[in-house]
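The structure appears below as C-alpha cells.
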Amino acid sequence: MGEITSFVGLDVHKETISVAVAEGGRNGGVRFLGEIPNTPAALDRLAAKLAKDGRSPQFCYEAGPCGYGVHRHLAERGHDCIVVAPSQIPRKPGDRVKTDRRDAVMLAGLHRAGQLTPVWVPDAGHEAMRDLVRARAAAVASGRAARQQLLGFLLRHGRRFEGRPWSRTHRAWLSGQRFDRAAQQIVLQDLIDTVDAAAERVARLTRQIEVQVAEWSLAPLVAALQAMRGVALIVAVTLAAELGDLGRFASPAQLMAYAGLVPSERSSGAKTRRGGITKAGNGQVRKALIEAAWTYRRPARISEPKQRKVGAAPRPVREIAWKAQVRLCARYRRLAAAKPLQVVVAAIAREMLGFVWAIAREVRPAPA
C-alpha cells in the first residue's frame with residue numbers, strides 16, 4: 001500500500017493555530033481539526049497525530065508577522081512545510097466572509113491542488129542580516145519624517161532657509177533660530193535633537209552592517225555587486241539580503257518579475273493594454289535599484305573612488321559590470337529623449353537586475 005499524503009493548512013496567529021486537513025485526492029473533502037496553541041509542543045503532538053498509519057503530512061501556512069518559526073520547527077523534525085506568499089493565494093471575488101477556520105480550510109485545499117506559491121525561507125544568519133538592513137531602512141525613514149516635521153514647524157512660523165537644506169550653513173541657521181515664547185523654543189530644540197538622534201542611529205547601524213557583512217555567507221556577492229555603477233555597500237547589502245539566493249531564479253526575467261519591475265498588463269482578445277510596473281514583491285529592492293539607476297544618466301566611466309571596488313572583483317564580474325555600464329548609460333540617453341524620466345529610470349532599474357543576476361552566477365557564497 002502506498003504512502004498516503006495529507007495536506008495540512010495552518011492559519012498561524014500569535015497565540016493559536018487553526019488546522020485543516022485535505023485528503024482523498026483532488027475531489028476529497030477538507031476537515032477542520034480545530035485550534036491548537038502556537039507552541040512547539042503542540043506542533044509536535046499535531047505532527048505525530050497526522051503521521052499515524054504511515055501518513056505523510058505536508059504543511060503550509062501564510063507568511064506573516066509570526067515569521068518562520070513554525071516552518072523551521074517542522075522542518076527540523078523532518079516534515080515537509082512551505083511558507084506561502086499571501087499576495088499569490090487565489091481568492092474568490094465574491095467571498096465576503098473571512099475566518100480562521102475558512103483560511104485554514106482554503107489553504108489545505110489549495111495546497112492539495114498545487115495552487116500555492118511558496119516563498120524562499122532564509123536561514124537564521126541570513127534573516128539576522130536582513131533584520132539589520134531593515135532596521136537601518138526604518139531609521140532612514142524615521143530621520144526623513146523628523147526632518148519634515150522640523151521644516152514644517154518652521155514654515156508655519158514663516159521661517160524659511162533659501163540655501164541648500166541640511167548643509168552646514170543650514171544647520172548653523174537652525175541653531176540660530178529664536179522664538180519669543182519659551183514653549184516654541186522647546187519644540188524647536190526637541191525637533192532638532194530628534195533629527196540628530198535619527199542621524200546618529202543611521203550612522204550606528206551603517207557601521208554595524210559594515211562589521212557584520214564580513215562574516216556573512218553572501219559577503220562575496222556583496223563585494224562583487226559593488227563593481228556595478230550606482231551600487232555601494234548599502235545598496236549591495238540590501239539587494240543580497242532581500243533577494244537571498246539568486247540561484248533559485250532560472251532567468252533574469254523571473255527575477256525582474258519577482259521584484260515587480262515588469263509592466264502590468266490587462267489584455268483581452270485583440271486588445272493589448274500595458275500599464276505601469278506591477279510593484280509586486282519586495283519594495284526595498286525596487287527602491288534601492290531606482291536610486292542606483294539615476295547614476296546612469298552620466299557617460300560611462302569608472303570614477304577614482306569606484307576603481308578600488310572594481311579592481312578587487314574577479315575578472316568576469318568586472319566585465320559584466322563594465323558591459324552593464326556601457327549599455328545602460330547609452331540606453332538611458334536614448335530613452336530619455338522620448339519618455340518621462342520616471343519611466344526611463346524604472347527601465348534602467350529593471351535591466352540592472354539582469355546584470356545583478358549574471359554577477360550572482362559568477363560568485364559563490366562563503367561557507368556559513
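Ordering of the C-alpha cells sets the chain letters (A, B, ...); residue numbers start at 1 within each chain; ligands are numbered from 1 in the order shown.
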
- Using DSSP on the backbone coordinates, identify all residues within segment 310-366 of chain A classified as alpha helix (DSSP H); present the result as a ChimeraX atom specification. /A:310-312,315-336,341-362

Please produce a file of the residues just selected, as a PDB file, in the first residue's frame, where the atoms kept are C-alpha atoms.
```pdb
ATOM      1  CA  VAL A 310      36.158  47.269  -9.390  1.00  0.00           C
ATOM      2  CA  GLY A 311      39.779  46.188  -9.115  1.00  0.00           C
ATOM      3  CA  ALA A 312      39.014  43.840  -6.205  1.00  0.00           C
ATOM      4  CA  ARG A 315      37.609  39.435 -13.918  1.00  0.00           C
ATOM      5  CA  PRO A 316      34.216  38.016 -15.079  1.00  0.00           C
ATOM      6  CA  VAL A 317      32.466  40.336 -12.626  1.00  0.00           C
ATOM      7  CA  ARG A 318      34.451  43.358 -13.879  1.00  0.00           C
ATOM      8  CA  GLU A 319      33.496  42.532 -17.453  1.00  0.00           C
ATOM      9  CA  ILE A 320      29.799  42.214 -16.558  1.00  0.00           C
ATOM     10  CA  ALA A 321      29.851  45.469 -14.593  1.00  0.00           C
ATOM     11  CA  TRP A 322      31.502  47.402 -17.427  1.00  0.00           C
ATOM     12  CA  LYS A 323      29.147  45.879 -20.009  1.00  0.00           C
ATOM     13  CA  ALA A 324      26.230  46.963 -17.829  1.00  0.00           C
ATOM     14  CA  GLN A 325      27.553  50.493 -17.514  1.00  0.00           C
ATOM     15  CA  VAL A 326      28.129  50.941 -21.251  1.00  0.00           C
ATOM     16  CA  ARG A 327      24.734  49.519 -22.171  1.00  0.00           C
ATOM     17  CA  LEU A 328      22.679  51.258 -19.503  1.00  0.00           C
ATOM     18  CA  CYS A 329      24.272  54.692 -19.936  1.00  0.00           C
ATOM     19  CA  ALA A 330      23.532  54.573 -23.661  1.00  0.00           C
ATOM     20  CA  ARG A 331      20.030  53.242 -23.051  1.00  0.00           C
ATOM     21  CA  TYR A 332      19.311  55.987 -20.543  1.00  0.00           C
ATOM     22  CA  ARG A 333      20.176  58.708 -23.061  1.00  0.00           C
ATOM     23  CA  ARG A 334      18.168  57.019 -25.811  1.00  0.00           C
ATOM     24  CA  LEU A 335      15.047  56.547 -23.674  1.00  0.00           C
ATOM     25  CA  ALA A 336      15.286  59.981 -22.047  1.00  0.00           C
ATOM     26  CA  LEU A 341      12.368  60.248 -16.649  1.00  0.00           C
ATOM     27  CA  GLN A 342      10.429  58.119 -14.156  1.00  0.00           C
ATOM     28  CA  VAL A 343       9.722  55.572 -16.895  1.00  0.00           C
ATOM     29  CA  VAL A 344      13.342  55.674 -18.028  1.00  0.00           C
ATOM     30  CA  VAL A 345      14.703  55.086 -14.523  1.00  0.00           C
ATOM     31  CA  ALA A 346      12.327  52.156 -13.973  1.00  0.00           C
ATOM     32  CA  ALA A 347      13.507  50.599 -17.229  1.00  0.00           C
ATOM     33  CA  ILE A 348      17.164  51.024 -16.226  1.00  0.00           C
ATOM     34  CA  ALA A 349      16.466  49.526 -12.789  1.00  0.00           C
ATOM     35  CA  ARG A 350      14.809  46.528 -14.431  1.00  0.00           C
ATOM     36  CA  GLU A 351      17.806  45.890 -16.677  1.00  0.00           C
ATOM     37  CA  MET A 352      20.170  46.339 -13.729  1.00  0.00           C
ATOM     38  CA  LEU A 353      18.565  43.275 -12.166  1.00  0.00           C
ATOM     39  CA  GLY A 354      19.588  41.237 -15.196  1.00  0.00           C
ATOM     40  CA  PHE A 355      23.235  42.136 -14.612  1.00  0.00           C
ATOM     41  CA  VAL A 356      22.848  41.501 -10.860  1.00  0.00           C
ATOM     42  CA  TRP A 357      21.624  38.007 -11.743  1.00  0.00           C
ATOM     43  CA  ALA A 358      24.602  37.488 -14.058  1.00  0.00           C
ATOM     44  CA  ILE A 359      27.088  38.595 -11.374  1.00  0.00           C
ATOM     45  CA  ALA A 360      25.464  36.281  -8.807  1.00  0.00           C
ATOM     46  CA  ARG A 361      26.117  33.317 -11.122  1.00  0.00           C
ATOM     47  CA  GLU A 362      29.850  34.132 -11.096  1.00  0.00           C
TER      48      GLU A 362
END
```

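Of the listed residues (A:Glu127, A:Gln212, A:Ala203, A:Gln189), A:Gln189 comes nearest to Phe153 of chain A; the distances count only C-alpha atoms.
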
- Item | Test item, strand (DSSP E) assignment across segment 5-35 of chain A, answer as a PyMOL selection string | chain A and resi 5-12+16-22+30-35

- For Leu233 of chain A, which of A:Leu261, A:Ala293, A:Glu23, A:Ala288 is the closest residue, counting only C-alpha atoms? A:Ala288
